[in-house]
$ cat my_file_13.cif   # mmCIF, C-alpha atoms (C1' of nucleotides)
data_final
#
loop_
_atom_site.group_PDB
_atom_site.id
_atom_site.type_symbol
_atom_site.label_atom_id
_atom_site.label_comp_id
_atom_site.auth_asym_id
_atom_site.auth_seq_id
_atom_site.Cartn_x
_atom_site.Cartn_y
_atom_site.Cartn_z
ATOM 1 C CA MET A 1 76.182 -175.151 -37.398
ATOM 2 C CA ALA A 2 75.792 -178.440 -39.087
ATOM 3 C CA GLU A 3 78.201 -180.162 -41.378
ATOM 4 C CA PRO A 4 78.401 -178.263 -44.616
ATOM 5 C CA SER A 5 78.471 -181.490 -46.566
ATOM 6 C CA ASP A 6 76.712 -184.632 -45.546
ATOM 7 C CA THR A 7 78.767 -187.706 -46.114
ATOM 8 C CA PRO A 8 78.459 -188.839 -49.720
ATOM 9 C CA ASP A 9 79.050 -192.223 -48.148
ATOM 10 C CA SER A 10 75.947 -193.663 -49.808
ATOM 11 C CA ALA A 11 73.323 -194.027 -47.174
ATOM 12 C CA PRO A 12 72.883 -197.685 -46.384
ATOM 13 C CA ARG A 13 69.751 -199.353 -47.505
ATOM 14 C CA LEU A 14 67.621 -200.231 -44.525
ATOM 15 C CA ARG A 15 65.974 -203.536 -45.138
ATOM 16 C CA ILE A 16 63.301 -204.770 -42.806
ATOM 17 C CA ARG A 17 62.053 -208.304 -42.822
ATOM 18 C CA LEU A 18 59.467 -209.700 -40.530
ATOM 19 C CA SER A 19 59.553 -213.415 -40.198
ATOM 20 C CA TYR A 20 56.708 -215.337 -38.764
ATOM 21 C CA GLY A 21 57.211 -219.002 -38.066
ATOM 22 C CA ASP A 22 57.937 -221.444 -40.840
ATOM 23 C CA GLY A 23 59.136 -219.840 -44.042
ATOM 24 C CA GLN A 24 56.657 -217.027 -43.892
ATOM 25 C CA VAL A 25 58.491 -213.809 -44.425
ATOM 26 C CA MET A 26 57.426 -210.338 -45.433
ATOM 27 C CA GLY A 27 60.185 -208.168 -46.793
ATOM 28 C CA PRO A 28 61.237 -205.583 -49.356
ATOM 29 C CA GLY A 29 60.974 -207.946 -52.320
ATOM 30 C CA LYS A 30 57.350 -208.837 -51.781
ATOM 31 C CA ALA A 31 56.492 -205.220 -51.078
ATOM 32 C CA GLU A 32 58.060 -204.055 -54.314
ATOM 33 C CA LEU A 33 56.331 -206.819 -56.200
ATOM 34 C CA MET A 34 52.996 -205.774 -54.795
ATOM 35 C CA GLU A 35 53.599 -202.239 -55.955
ATOM 36 C CA GLY A 36 54.461 -203.548 -59.388
ATOM 37 C CA ILE A 37 51.235 -205.515 -59.527
ATOM 38 C CA ALA A 38 49.242 -202.498 -58.448
ATOM 39 C CA ARG A 39 50.943 -200.427 -61.129
ATOM 40 C CA THR A 40 50.843 -202.869 -64.033
ATOM 41 C CA GLY A 41 47.845 -205.043 -63.261
ATOM 42 C CA SER A 42 49.892 -208.131 -64.029
ATOM 43 C CA ILE A 43 52.048 -210.553 -62.099
ATOM 44 C CA SER A 44 54.275 -211.244 -65.064
ATOM 45 C CA ALA A 45 54.728 -207.580 -65.929
ATOM 46 C CA ALA A 46 55.555 -206.752 -62.332
ATOM 47 C CA GLY A 47 58.062 -209.590 -62.263
ATOM 48 C CA ARG A 48 59.634 -208.493 -65.527
ATOM 49 C CA ALA A 49 60.012 -204.985 -64.159
ATOM 50 C CA MET A 50 62.025 -206.445 -61.313
ATOM 51 C CA GLY A 51 64.028 -208.735 -63.546
ATOM 52 C CA MET A 52 62.580 -211.914 -62.173
ATOM 53 C CA SER A 53 60.893 -214.813 -63.862
ATOM 54 C CA TYR A 54 57.143 -215.101 -63.872
ATOM 55 C CA LYS A 55 57.434 -218.280 -61.891
ATOM 56 C CA ARG A 56 59.345 -216.640 -59.110
ATOM 57 C CA ALA A 57 56.951 -213.717 -59.019
ATOM 58 C CA TRP A 58 54.020 -216.080 -58.863
ATOM 59 C CA GLN A 59 55.654 -218.048 -56.066
ATOM 60 C CA LEU A 60 56.061 -214.905 -54.029
ATOM 61 C CA VAL A 61 52.439 -213.994 -54.621
ATOM 62 C CA ASP A 62 51.370 -217.483 -53.637
ATOM 63 C CA THR A 63 53.350 -217.259 -50.405
ATOM 64 C CA MET A 64 51.962 -213.838 -49.590
ATOM 65 C CA ASN A 65 48.428 -214.956 -50.211
ATOM 66 C CA SER A 66 48.803 -217.854 -47.826
ATOM 67 C CA MET A 67 50.369 -215.987 -44.953
ATOM 68 C CA PHE A 68 47.533 -213.597 -44.266
ATOM 69 C CA ALA A 69 43.947 -214.240 -43.403
ATOM 70 C CA ASN A 70 42.837 -213.068 -46.837
ATOM 71 C CA PRO A 71 44.660 -213.119 -50.166
ATOM 72 C CA LEU A 72 46.643 -209.992 -50.945
ATOM 73 C CA VAL A 73 46.561 -210.439 -54.691
ATOM 74 C CA SER A 74 43.603 -211.446 -56.766
ATOM 75 C CA SER A 75 44.224 -212.828 -60.225
ATOM 76 C CA SER A 76 42.246 -214.027 -63.182
ATOM 77 C CA ARG A 77 43.287 -215.799 -66.314
ATOM 78 C CA GLY A 78 42.037 -215.847 -69.855
ATOM 79 C CA GLY A 79 40.061 -213.088 -71.440
ATOM 80 C CA ALA A 80 40.868 -210.336 -73.822
ATOM 81 C CA LYS A 81 44.286 -209.506 -72.466
ATOM 82 C CA GLY A 82 45.088 -212.970 -71.233
ATOM 83 C CA GLY A 83 44.310 -212.218 -67.649
ATOM 84 C CA GLY A 84 45.582 -209.999 -64.910
ATOM 85 C CA ALA A 85 46.056 -209.393 -61.252
ATOM 86 C CA HIS A 86 45.447 -206.650 -58.751
ATOM 87 C CA LEU A 87 45.819 -205.973 -55.069
ATOM 88 C CA THR A 88 42.918 -206.803 -52.828
ATOM 89 C CA GLU A 89 41.909 -204.470 -50.073
ATOM 90 C CA ALA A 90 43.922 -206.606 -47.680
ATOM 91 C CA GLY A 91 46.850 -206.336 -50.051
ATOM 92 C CA GLU A 92 46.722 -202.585 -50.055
ATOM 93 C CA GLU A 93 46.497 -202.531 -46.304
ATOM 94 C CA VAL A 94 49.450 -204.853 -45.871
ATOM 95 C CA LEU A 95 51.527 -202.841 -48.303
ATOM 96 C CA ALA A 96 50.631 -199.589 -46.568
ATOM 97 C CA ALA A 97 51.434 -201.031 -43.153
ATOM 98 C CA TYR A 98 54.766 -202.369 -44.334
ATOM 99 C CA ARG A 99 55.728 -199.042 -45.885
ATOM 100 C CA ALA A 100 54.661 -197.290 -42.709
ATOM 101 C CA LEU A 101 56.853 -199.660 -40.698
ATOM 102 C CA GLU A 102 59.803 -198.878 -42.933
ATOM 103 C CA GLU A 103 59.258 -195.175 -42.670
ATOM 104 C CA ALA A 104 58.797 -195.217 -38.913
ATOM 105 C CA SER A 105 61.972 -197.261 -38.506
ATOM 106 C CA ARG A 106 63.975 -194.998 -40.734
ATOM 107 C CA THR A 107 62.841 -191.956 -38.849
ATOM 108 C CA ALA A 108 63.154 -193.341 -35.351
ATOM 109 C CA GLY A 109 66.458 -195.002 -36.169
ATOM 110 C CA ALA A 110 68.043 -191.929 -37.693
ATOM 111 C CA PRO A 111 70.260 -191.181 -34.693
ATOM 112 C CA ALA A 112 71.541 -194.744 -34.521
ATOM 113 C CA LEU A 113 72.124 -194.759 -38.274
ATOM 114 C CA ALA A 114 74.059 -191.537 -37.951
ATOM 115 C CA ARG A 115 76.277 -193.073 -35.291
ATOM 116 C CA LEU A 116 76.948 -196.053 -37.522
ATOM 117 C CA ALA A 117 77.727 -193.802 -40.451
ATOM 118 C CA ALA A 118 80.240 -191.971 -38.288
ATOM 119 C CA LEU A 119 81.865 -195.250 -37.335
ATOM 120 C CA ARG A 120 82.147 -196.201 -40.965
ATOM 121 C CA SER A 121 83.873 -193.103 -42.146
ATOM 122 C CA ASP A 122 86.886 -192.464 -40.029
ATOM 123 C CA MET A 123 85.999 -191.160 -36.632
ATOM 124 C CA SER A 124 88.633 -188.911 -35.302
ATOM 125 C CA ASP A 125 86.458 -187.059 -32.904
ATOM 126 C CA GLY A 126 85.592 -188.561 -29.586
ATOM 127 C CA LYS A 127 82.137 -189.821 -28.874
ATOM 128 C CA MET B 1 69.488 -225.544 -33.653
ATOM 129 C CA ALA B 2 70.349 -222.054 -32.779
ATOM 130 C CA GLU B 3 66.803 -221.220 -33.681
ATOM 131 C CA PRO B 4 65.376 -219.082 -30.974
ATOM 132 C CA SER B 5 61.987 -220.228 -29.832
ATOM 133 C CA ASP B 6 59.606 -219.249 -32.532
ATOM 134 C CA THR B 7 57.909 -216.055 -31.726
ATOM 135 C CA PRO B 8 54.264 -216.112 -30.843
ATOM 136 C CA ASP B 9 51.919 -215.255 -33.619
ATOM 137 C CA SER B 10 51.408 -211.736 -32.391
ATOM 138 C CA ALA B 11 55.118 -210.953 -32.275
ATOM 139 C CA PRO B 12 56.995 -211.724 -35.484
ATOM 140 C CA ARG B 13 60.714 -211.447 -35.390
ATOM 141 C CA LEU B 14 61.764 -208.073 -36.713
ATOM 142 C CA ARG B 15 64.997 -208.381 -38.582
ATOM 143 C CA ILE B 16 66.864 -205.319 -39.654
ATOM 144 C CA ARG B 17 69.734 -205.414 -42.074
ATOM 145 C CA LEU B 18 71.610 -202.466 -43.337
ATOM 146 C CA SER B 19 73.429 -203.027 -46.556
ATOM 147 C CA TYR B 20 76.097 -200.735 -47.755
ATOM 148 C CA GLY B 21 77.379 -201.204 -51.262
ATOM 149 C CA ASP B 22 79.240 -204.312 -52.234
ATOM 150 C CA GLY B 23 78.618 -207.263 -49.966
ATOM 151 C CA GLN B 24 78.907 -205.259 -46.807
ATOM 152 C CA VAL B 25 75.971 -206.010 -44.614
ATOM 153 C CA MET B 26 75.291 -205.517 -40.948
ATOM 154 C CA GLY B 27 72.519 -207.653 -39.540
ATOM 155 C CA PRO B 28 71.239 -209.745 -36.670
ATOM 156 C CA GLY B 29 73.770 -212.533 -37.181
ATOM 157 C CA LYS B 30 76.830 -210.344 -36.838
ATOM 158 C CA ALA B 31 75.301 -208.554 -33.880
ATOM 159 C CA GLU B 32 74.648 -211.796 -32.062
ATOM 160 C CA LEU B 33 78.135 -213.002 -32.858
ATOM 161 C CA MET B 34 79.611 -209.846 -31.403
ATOM 162 C CA GLU B 35 77.676 -210.377 -28.215
ATOM 163 C CA GLY B 36 78.962 -213.930 -28.066
ATOM 164 C CA ILE B 37 82.517 -212.720 -28.454
ATOM 165 C CA ALA B 38 82.032 -210.144 -25.731
ATOM 166 C CA ARG B 39 80.595 -212.811 -23.478
ATOM 167 C CA THR B 40 83.032 -215.652 -24.150
ATOM 168 C CA GLY B 41 86.202 -213.860 -25.156
ATOM 169 C CA SER B 42 86.589 -216.224 -28.092
ATOM 170 C CA ILE B 43 85.548 -216.300 -31.723
ATOM 171 C CA SER B 44 85.310 -220.052 -31.777
ATOM 172 C CA ALA B 45 83.312 -220.236 -28.555
ATOM 173 C CA ALA B 46 80.926 -217.580 -29.799
ATOM 174 C CA GLY B 47 80.534 -219.449 -33.055
ATOM 175 C CA ARG B 48 79.914 -222.731 -31.280
ATOM 176 C CA ALA B 49 77.236 -221.091 -29.166
ATOM 177 C CA MET B 50 75.453 -220.131 -32.358
ATOM 178 C CA GLY B 51 75.941 -223.501 -33.959
ATOM 179 C CA MET B 52 78.275 -222.262 -36.636
ATOM 180 C CA SER B 53 81.724 -223.381 -37.628
ATOM 181 C CA TYR B 54 84.745 -221.449 -36.482
ATOM 182 C CA LYS B 55 85.508 -220.643 -40.073
ATOM 183 C CA ARG B 56 82.162 -219.048 -40.676
ATOM 184 C CA ALA B 57 82.386 -217.082 -37.456
ATOM 185 C CA TRP B 58 85.828 -215.882 -38.400
ATOM 186 C CA GLN B 59 84.629 -214.873 -41.850
ATOM 187 C CA LEU B 60 81.881 -212.767 -40.334
ATOM 188 C CA VAL B 61 84.376 -211.128 -38.008
ATOM 189 C CA ASP B 62 86.702 -210.481 -40.914
ATOM 190 C CA THR B 63 83.915 -208.853 -42.886
ATOM 191 C CA MET B 64 82.847 -206.735 -39.950
ATOM 192 C CA ASN B 65 86.365 -205.573 -39.312
ATOM 193 C CA SER B 66 86.759 -204.442 -42.890
ATOM 194 C CA MET B 67 83.533 -202.538 -43.221
ATOM 195 C CA PHE B 68 84.164 -199.941 -40.537
ATOM 196 C CA ALA B 69 86.930 -197.442 -40.131
ATOM 197 C CA ASN B 70 88.392 -199.418 -37.261
ATOM 198 C CA PRO B 71 88.244 -203.128 -36.467
ATOM 199 C CA LEU B 72 85.324 -204.166 -34.285
ATOM 200 C CA VAL B 73 86.977 -207.267 -32.936
ATOM 201 C CA SER B 74 90.526 -207.601 -31.739
ATOM 202 C CA SER B 75 92.046 -211.047 -31.544
ATOM 203 C CA SER B 76 95.267 -212.661 -30.475
ATOM 204 C CA ARG B 77 96.559 -216.141 -30.938
ATOM 205 C CA GLY B 78 98.781 -218.367 -28.923
ATOM 206 C CA GLY B 79 99.352 -217.934 -25.265
ATOM 207 C CA ALA B 80 98.108 -219.677 -22.207
ATOM 208 C CA LYS B 81 94.596 -220.344 -23.389
ATOM 209 C CA GLY B 82 95.468 -220.528 -27.042
ATOM 210 C CA GLY B 83 94.329 -217.051 -27.795
ATOM 211 C CA GLY B 84 91.183 -215.017 -27.644
ATOM 212 C CA ALA B 85 89.172 -212.156 -28.969
ATOM 213 C CA HIS B 86 87.258 -209.200 -27.619
ATOM 214 C CA LEU B 87 85.282 -206.255 -28.845
ATOM 215 C CA THR B 88 87.118 -203.044 -29.469
ATOM 216 C CA GLU B 89 85.641 -199.754 -28.423
ATOM 217 C CA ALA B 90 84.402 -199.327 -31.982
ATOM 218 C CA GLY B 91 82.887 -202.783 -31.764
ATOM 219 C CA GLU B 92 80.969 -201.935 -28.648
ATOM 220 C CA GLU B 93 79.739 -198.730 -30.201
ATOM 221 C CA VAL B 94 78.586 -200.455 -33.352
ATOM 222 C CA LEU B 95 76.817 -203.126 -31.371
ATOM 223 C CA ALA B 96 75.128 -200.557 -29.175
ATOM 224 C CA ALA B 97 74.052 -198.491 -32.170
ATOM 225 C CA TYR B 98 72.664 -201.515 -33.941
ATOM 226 C CA ARG B 99 70.699 -202.579 -30.872
ATOM 227 C CA ALA B 100 69.429 -199.045 -30.478
ATOM 228 C CA LEU B 101 68.304 -199.078 -34.093
ATOM 229 C CA GLU B 102 66.445 -202.316 -33.524
ATOM 230 C CA GLU B 103 64.775 -201.034 -30.407
ATOM 231 C CA ALA B 104 63.794 -197.720 -31.964
ATOM 232 C CA SER B 105 62.308 -199.514 -34.959
ATOM 233 C CA ARG B 106 60.382 -201.925 -32.817
ATOM 234 C CA THR B 107 58.932 -199.118 -30.776
ATOM 235 C CA ALA B 108 58.182 -196.722 -33.586
ATOM 236 C CA GLY B 109 56.831 -199.509 -35.768
ATOM 237 C CA ALA B 110 54.519 -200.949 -33.149
ATOM 238 C CA PRO B 111 51.352 -199.508 -34.675
ATOM 239 C CA ALA B 112 52.218 -200.813 -38.123
ATOM 240 C CA LEU B 113 53.117 -204.192 -36.665
ATOM 241 C CA ALA B 114 49.800 -204.299 -34.886
ATOM 242 C CA ARG B 115 47.968 -203.618 -38.126
ATOM 243 C CA LEU B 116 49.841 -206.449 -39.807
ATOM 244 C CA ALA B 117 49.096 -208.792 -36.943
ATOM 245 C CA ALA B 118 45.426 -207.994 -37.308
ATOM 246 C CA LEU B 119 45.602 -208.787 -41.002
ATOM 247 C CA ARG B 120 47.221 -212.119 -40.263
ATOM 248 C CA SER B 121 44.747 -213.445 -37.771
ATOM 249 C CA ASP B 122 41.378 -213.577 -39.385
ATOM 250 C CA MET B 123 39.537 -210.351 -39.169
ATOM 251 C CA SER B 124 36.065 -210.984 -40.325
ATOM 252 C CA ASP B 125 34.908 -207.517 -39.613
ATOM 253 C CA GLY B 126 33.024 -206.745 -42.745
ATOM 254 C CA LYS B 127 33.692 -203.463 -44.316
ATOM 255 C "C1'" DT C 1 37.639 -222.001 -83.757
ATOM 256 C "C1'" DT C 2 41.899 -219.850 -83.819
ATOM 257 C "C1'" DT C 3 44.788 -216.516 -81.684
ATOM 258 C "C1'" DC C 4 46.919 -214.295 -77.819
ATOM 259 C "C1'" DG C 5 48.920 -213.088 -73.363
ATOM 260 C "C1'" DT C 6 48.367 -214.285 -69.078
ATOM 261 C "C1'" DT C 7 47.875 -217.315 -64.988
ATOM 262 C "C1'" DA C 8 49.277 -221.709 -63.081
ATOM 263 C "C1'" DT C 9 52.340 -225.714 -62.179
ATOM 264 C "C1'" DG C 10 55.703 -229.529 -62.934
ATOM 265 C "C1'" DT C 11 60.461 -231.020 -63.995
ATOM 266 C "C1'" DT C 12 65.247 -230.523 -64.734
ATOM 267 C "C1'" DT C 13 69.669 -228.000 -64.552
ATOM 268 C "C1'" DG C 14 73.005 -225.278 -62.733
ATOM 269 C "C1'" DC C 15 75.385 -222.588 -59.611
ATOM 270 C "C1'" DC C 16 76.776 -220.409 -55.517
ATOM 271 C "C1'" DG C 17 77.376 -220.287 -50.741
ATOM 272 C "C1'" DA C 18 78.006 -223.049 -46.831
ATOM 273 C "C1'" DA C 19 80.055 -226.932 -44.753
ATOM 274 C "C1'" DA C 20 83.625 -230.146 -44.341
ATOM 275 C "C1'" DT C 21 88.364 -231.071 -44.311
ATOM 276 C "C1'" DA C 22 93.189 -230.002 -43.803
ATOM 277 C "C1'" DT C 23 97.059 -227.403 -42.245
ATOM 278 C "C1'" DA C 24 99.872 -223.879 -40.257
ATOM 279 C "C1'" DA C 25 101.252 -220.335 -36.931
ATOM 280 C "C1'" DC C 26 101.260 -218.663 -32.469
ATOM 281 C "C1'" DG C 27 102.795 -218.143 -27.588
ATOM 282 C "C1'" DT C 28 102.344 -219.090 -22.672
ATOM 283 C "C1'" DG C 29 103.005 -222.363 -19.137
ATOM 284 C "C1'" DG C 30 104.136 -226.760 -17.451
ATOM 285 C "C1'" DC D 1 110.789 -227.832 -25.777
ATOM 286 C "C1'" DC D 2 106.475 -229.674 -26.038
ATOM 287 C "C1'" DA D 3 101.520 -229.580 -25.497
ATOM 288 C "C1'" DC D 4 97.395 -227.227 -25.883
ATOM 289 C "C1'" DG D 5 93.618 -224.340 -27.608
ATOM 290 C "C1'" DT D 6 93.006 -220.796 -30.309
ATOM 291 C "C1'" DT D 7 93.418 -217.798 -34.447
ATOM 292 C "C1'" DA D 8 94.071 -217.887 -39.432
ATOM 293 C "C1'" DT D 9 93.629 -219.609 -44.233
ATOM 294 C "C1'" DA D 10 93.479 -222.743 -48.386
ATOM 295 C "C1'" DT D 11 91.105 -226.407 -50.765
ATOM 296 C "C1'" DT D 12 87.456 -229.492 -51.692
ATOM 297 C "C1'" DT D 13 82.763 -231.284 -51.255
ATOM 298 C "C1'" DC D 14 77.972 -230.885 -51.088
ATOM 299 C "C1'" DG D 15 73.079 -229.428 -50.664
ATOM 300 C "C1'" DG D 16 69.538 -226.312 -51.431
ATOM 301 C "C1'" DC D 17 67.582 -222.752 -53.872
ATOM 302 C "C1'" DA D 18 66.881 -220.342 -57.999
ATOM 303 C "C1'" DA D 19 66.928 -220.256 -62.833
ATOM 304 C "C1'" DA D 20 65.728 -222.520 -67.022
ATOM 305 C "C1'" DC D 21 62.772 -225.208 -69.578
ATOM 306 C "C1'" DA D 22 58.307 -227.208 -70.556
ATOM 307 C "C1'" DT D 23 53.224 -227.455 -70.632
ATOM 308 C "C1'" DA D 24 48.517 -226.696 -69.727
ATOM 309 C "C1'" DA D 25 44.279 -224.054 -68.835
ATOM 310 C "C1'" DC D 26 41.743 -220.109 -69.567
ATOM 311 C "C1'" DG D 27 38.449 -216.860 -71.906
ATOM 312 C "C1'" DA D 28 37.375 -212.825 -74.745
ATOM 313 C "C1'" DA D 29 37.698 -211.189 -79.240
ATOM 314 C "C1'" DA D 30 38.515 -211.512 -84.061
#

$ encode --input "my_file_13.cif" --output "structure tokens"
Amino acid sequence: MAEPSDTPDSAPRLRIRLSYGDGQVMGPGKAELMEGIARTGSISAAGRAMGMSYKRAWQLVDTMNSMFANPLVSSSRGGAKGGGAHLTEAGEEVLAAYRALEEASRTAGAPALARLAALRSDMSDGK
Amino acid sequence: MAEPSDTPDSAPRLRIRLSYGDGQVMGPGKAELMEGIARTGSISAAGRAMGMSYKRAWQLVDTMNSMFANPLVSSSRGGAKGGGAHLTEAGEEVLAAYRALEEASRTAGAPALARLAALRSDMSDGK
DNA sequence: TTTCGTTATGTTTGCCGAAATATAACGTGG
DNA sequence: CCACGTTATATTTCGGCAAACATAACGAAA
């Protein structure tokens, strides 16, 4: 029989960053930003939704675009609504792969995470 | 210059951090420091090996010790060799669990990582 | 041609975390 | 008891990164 109550000890957030050489890093922030862009069709709106300045959001986009073979975000300025941005096919693929990596890690790492959770809350039972 | 040799393009460094509430974070830095302590029997020596000040190393140890039910590092001062430190049983368990988490993620995430690698190097396969 | 919201980019300011610096306690062995 | 190397901790200094501020270009529609 399993534990009647799973530890309310807020599950830790598992953050995965992959760093290539230089300052090229893909992590949770860029992934969330990409989702925001896909949802809103705008870099600034996506940034606002995350509570970051447009400049910062744009910088992240710029970095992302330069660290893959093809740009992940395509943008245009001017026009009826001022402009906009959307994920390229490469962008959608990168986002999907990153989310898949997260999910696979969370699943495969579940036992290890459980052991760590046990070590956080008092462990009175042996190993 | 504790920078490990930059990983080849096909193998980015996979960094996993688990953040519990507050500022409590377990990541690659603390794990490496724990290994250094286990190896050298000293906080300061472990810190030196990583190119960090004793103070910073001690701060990390202090944080680690306070974020689990039991301290991960036990230390003593004075004595023949001035003092020393070693991993507690809890420390060894945490370290092992963290390494297991890393390994499981790397293995389970291999397909996703491969997809990302393909998107980094130019793939001019039309679609 | 004016308006509007966005993309795009430069410059300055400010702040926080890390480093540097200083000091104390400790305890075994010579 | 003194020296040594370490743990332990407070205070100050400093650099880098992010926020804040500023400005320009753009293009469709009114």

$ calpha_fit_rmsd --input "my_file_13.cif" --fixed "chain B" --moving "chain A"
6.2 Å

$ atom_distance --input "my_file_13.cif" --atom1 "CA of Asp62 in chain A" --atom2 "CA of Gly21 in chain A"
16.7 Å

$ residues_near_point --input "my_file_13.cif" --point "(79.4, -224.7, -40.8)" --cutoff "8 Å" --atoms "only C-alpha atoms (C1' of nucleotides)" --output "number ranges by chain"
B: 51-56; C: 18-20

$ resolve_selection --input "my_file_13.cif" --expression "the PyMOL selection byres ((chain B and resi 70) around 12)" --output "number ranges by chain"
A: 116, 118-124; B: 62-69, 71-74, 87-94

$ resolve_selection --input "my_file_13.cif" --expression "the PyMOL selection byres ((chain B and resi 34) around 9)" --output "list in words"
Gly29, Lys30, Ala31, Glu32, Leu33, Glu35, Gly36, Ile37, Ala38, Arg39, Ile43, Ala46, Val61, Leu72, Val73, His86, Leu87, Gly91, Glu92 and Leu95 of chain B

$ interface_residues --input "my_file_13.cif" --of "chain D" --to "chain A" --cutoff "7 Å" --atoms "only C-alpha atoms (C1' of nucleotides)" --output "list in words"
DC26, DG27, DA28 and DA29 of chain D

$ closest_atom_pairs --input "my_file_13.cif" --of "chain A" --to "chain B" --cutoff "6 Å" --atoms "all atoms listed in the file" --output "CSV"
residue,atom,partner,partner_atom,distance
A:Pro12,CA,B:Tyr20,CA,4.6
A:Arg13,CA,B:Ser19,CA,5.3
A:Leu14,CA,B:Leu18,CA,4.7
A:Arg15,CA,B:Arg17,CA,5.2
A:Ile16,CA,B:Ile16,CA,4.8
A:Arg17,CA,B:Arg15,CA,5.2
A:Leu18,CA,B:Leu14,CA,4.7
A:Ser19,CA,B:Arg13,CA,5.3
A:Tyr20,CA,B:Pro12,CA,4.9
A:Phe68,CA,B:Arg120,CA,4.3
A:Ala69,CA,B:Asp122,CA,4.8
A:Ala97,CA,B:Ala112,CA,5.1
A:Leu101,CA,B:Gly109,CA,4.9
A:Ala104,CA,B:Ala108,CA,5.6
A:Ser105,CA,B:Ser105,CA,4.2
A:Ala108,CA,B:Ala104,CA,5.6
A:Gly109,CA,B:Leu101,CA,4.9
A:Ala112,CA,B:Ala97,CA,5.1
A:Arg120,CA,B:Phe68,CA,4.3
A:Ser121,CA,B:Ala69,CA,5.7
A:Asp122,CA,B:Ala69,CA,5.0

$ write_last_selection --input "my_file_13.cif" --atoms "C-alpha atoms" --output "mmCIF file, keeping the file's coordinate frame"
data_model
loop_
_atom_site.group_PDB
_atom_site.id
_atom_site.type_symbol
_atom_site.label_atom_id
_atom_site.label_comp_id
_atom_site.auth_asym_id
_atom_site.auth_seq_id
_atom_site.Cartn_x
_atom_site.Cartn_y
_atom_site.Cartn_z
ATOM 1 C CA PRO A 12 72.883 -197.685 -46.384
ATOM 2 C CA ARG A 13 69.751 -199.353 -47.505
ATOM 3 C CA LEU A 14 67.621 -200.231 -44.525
ATOM 4 C CA ARG A 15 65.974 -203.536 -45.138
ATOM 5 C CA ILE A 16 63.301 -204.770 -42.806
ATOM 6 C CA ARG A 17 62.053 -208.304 -42.822
ATOM 7 C CA LEU A 18 59.467 -209.700 -40.530
ATOM 8 C CA SER A 19 59.553 -213.415 -40.198
ATOM 9 C CA TYR A 20 56.708 -215.337 -38.764
ATOM 10 C CA PHE A 68 47.533 -213.597 -44.266
ATOM 11 C CA ALA A 69 43.947 -214.240 -43.403
ATOM 12 C CA ALA A 97 51.434 -201.031 -43.153
ATOM 13 C CA LEU A 101 56.853 -199.660 -40.698
ATOM 14 C CA ALA A 104 58.797 -195.217 -38.913
ATOM 15 C CA SER A 105 61.972 -197.261 -38.506
ATOM 16 C CA ALA A 108 63.154 -193.341 -35.351
ATOM 17 C CA GLY A 109 66.458 -195.002 -36.169
ATOM 18 C CA ALA A 112 71.541 -194.744 -34.521
ATOM 19 C CA ARG A 120 82.147 -196.201 -40.965
ATOM 20 C CA SER A 121 83.873 -193.103 -42.146
ATOM 21 C CA ASP A 122 86.886 -192.464 -40.029
#

$ resolve_selection --input "my_file_13.cif" --expression "the PyMOL selection byres ((chain C and resi 9) around 10)" --output "list of chain:residue names"
A:Lys55, C:DT7, C:DA8, C:DG10, C:DT11, D:DT23, D:DA24

$ atom_distance --input "my_file_13.cif" --atom1 "CA of Ala85 in chain A" --atom2 "CA of Ala57 in chain A"
11.9 Å

$ interface_residues --input "my_file_13.cif" --of "chain C" --to "chain B" --cutoff "6 Å" --atoms "only C-alpha atoms (C1' of nucleotides)" --output "CSV table (one decimal) with C-alpha atoms (C1' of nucleotides), in the coordinates of the input"
chain,number,residue,atom,x,y,z
C,26,DC,C1',101.3,-218.7,-32.5
C,27,DG,C1',102.8,-218.1,-27.6
C,28,DT,C1',102.3,-219.1,-22.7

$ axis_aligned_box --input "my_file_13.cif" --around "range 13-24 of chain B" --padding-each-side "3 Å" --output "AutoDock Vina command-line options"
--center_x 70.0 --center_y -206.1 --center_z -43.8 --size_x 24.5 --size_y 16.7 --size_z 22.8

$ atom_distance --input "my_file_13.cif" --atom1 "C1' of DT9 in chain D" --atom2 "CA of Gly41 in chain B"
21.3 Å

$ residues_around --input "my_file_13.cif" --residues "DT23 in chain C" --least-positions-apart "5" --cutoff "12 Å" --atoms "all atoms listed in the file" --output "short mmCIF file (atom, residue, chain, number, x, y, z; two decimals) with C-alpha atoms (C1' of nucleotides), in the frame of the given file"
data_model
loop_
_atom_site.label_atom_id
_atom_site.label_comp_id
_atom_site.auth_asym_id
_atom_site.auth_seq_id
_atom_site.Cartn_x
_atom_site.Cartn_y
_atom_site.Cartn_z
"C1'" DA D 8 94.07 -217.89 -39.43
"C1'" DT D 9 93.63 -219.61 -44.23
"C1'" DA D 10 93.48 -222.74 -48.39
"C1'" DT D 11 91.10 -226.41 -50.76
#

$ residues_around --input "my_file_13.cif" --residues "DC16 in chain C" --least-positions-apart "4" --cutoff "12 Å" --atoms "all atoms listed in the file" --output "PDB file with C-alpha atoms (C1' of nucleotides), in the frame of the given file"
ATOM      1  C1'  DC D  14      77.972-230.885 -51.088  1.00  0.00           C
ATOM      2  C1'  DG D  15      73.079-229.428 -50.664  1.00  0.00           C
ATOM      3  C1'  DG D  16      69.538-226.312 -51.431  1.00  0.00           C
ATOM      4  C1'  DC D  17      67.582-222.752 -53.872  1.00  0.00           C
ATOM      5  C1'  DA D  18      66.881-220.342 -57.999  1.00  0.00           C
TER       6       DA D  18
END

$ decode --input "my_file_13.cif" --residues "range 108-115 of chain B" --atoms "C-alpha atoms" --output "short mmCIF file (atom, residue, chain, number, x, y, z; two decimals), in the first residue's frame"
data_model
loop_
_atom_site.label_atom_id
_atom_site.label_comp_id
_atom_site.auth_asym_id
_atom_site.auth_seq_id
_atom_site.Cartn_x
_atom_site.Cartn_y
_atom_site.Cartn_z
CA ALA B 108 16.16 9.24 -21.39
CA GLY B 109 16.68 12.57 -23.11
CA ALA B 110 19.11 11.28 -25.70
CA PRO B 111 16.59 11.28 -28.55
CA ALA B 112 15.50 14.83 -27.81
CA LEU B 113 19.12 15.92 -27.51
CA ALA B 114 19.85 14.34 -30.85
CA ARG B 115 17.01 16.26 -32.45
#
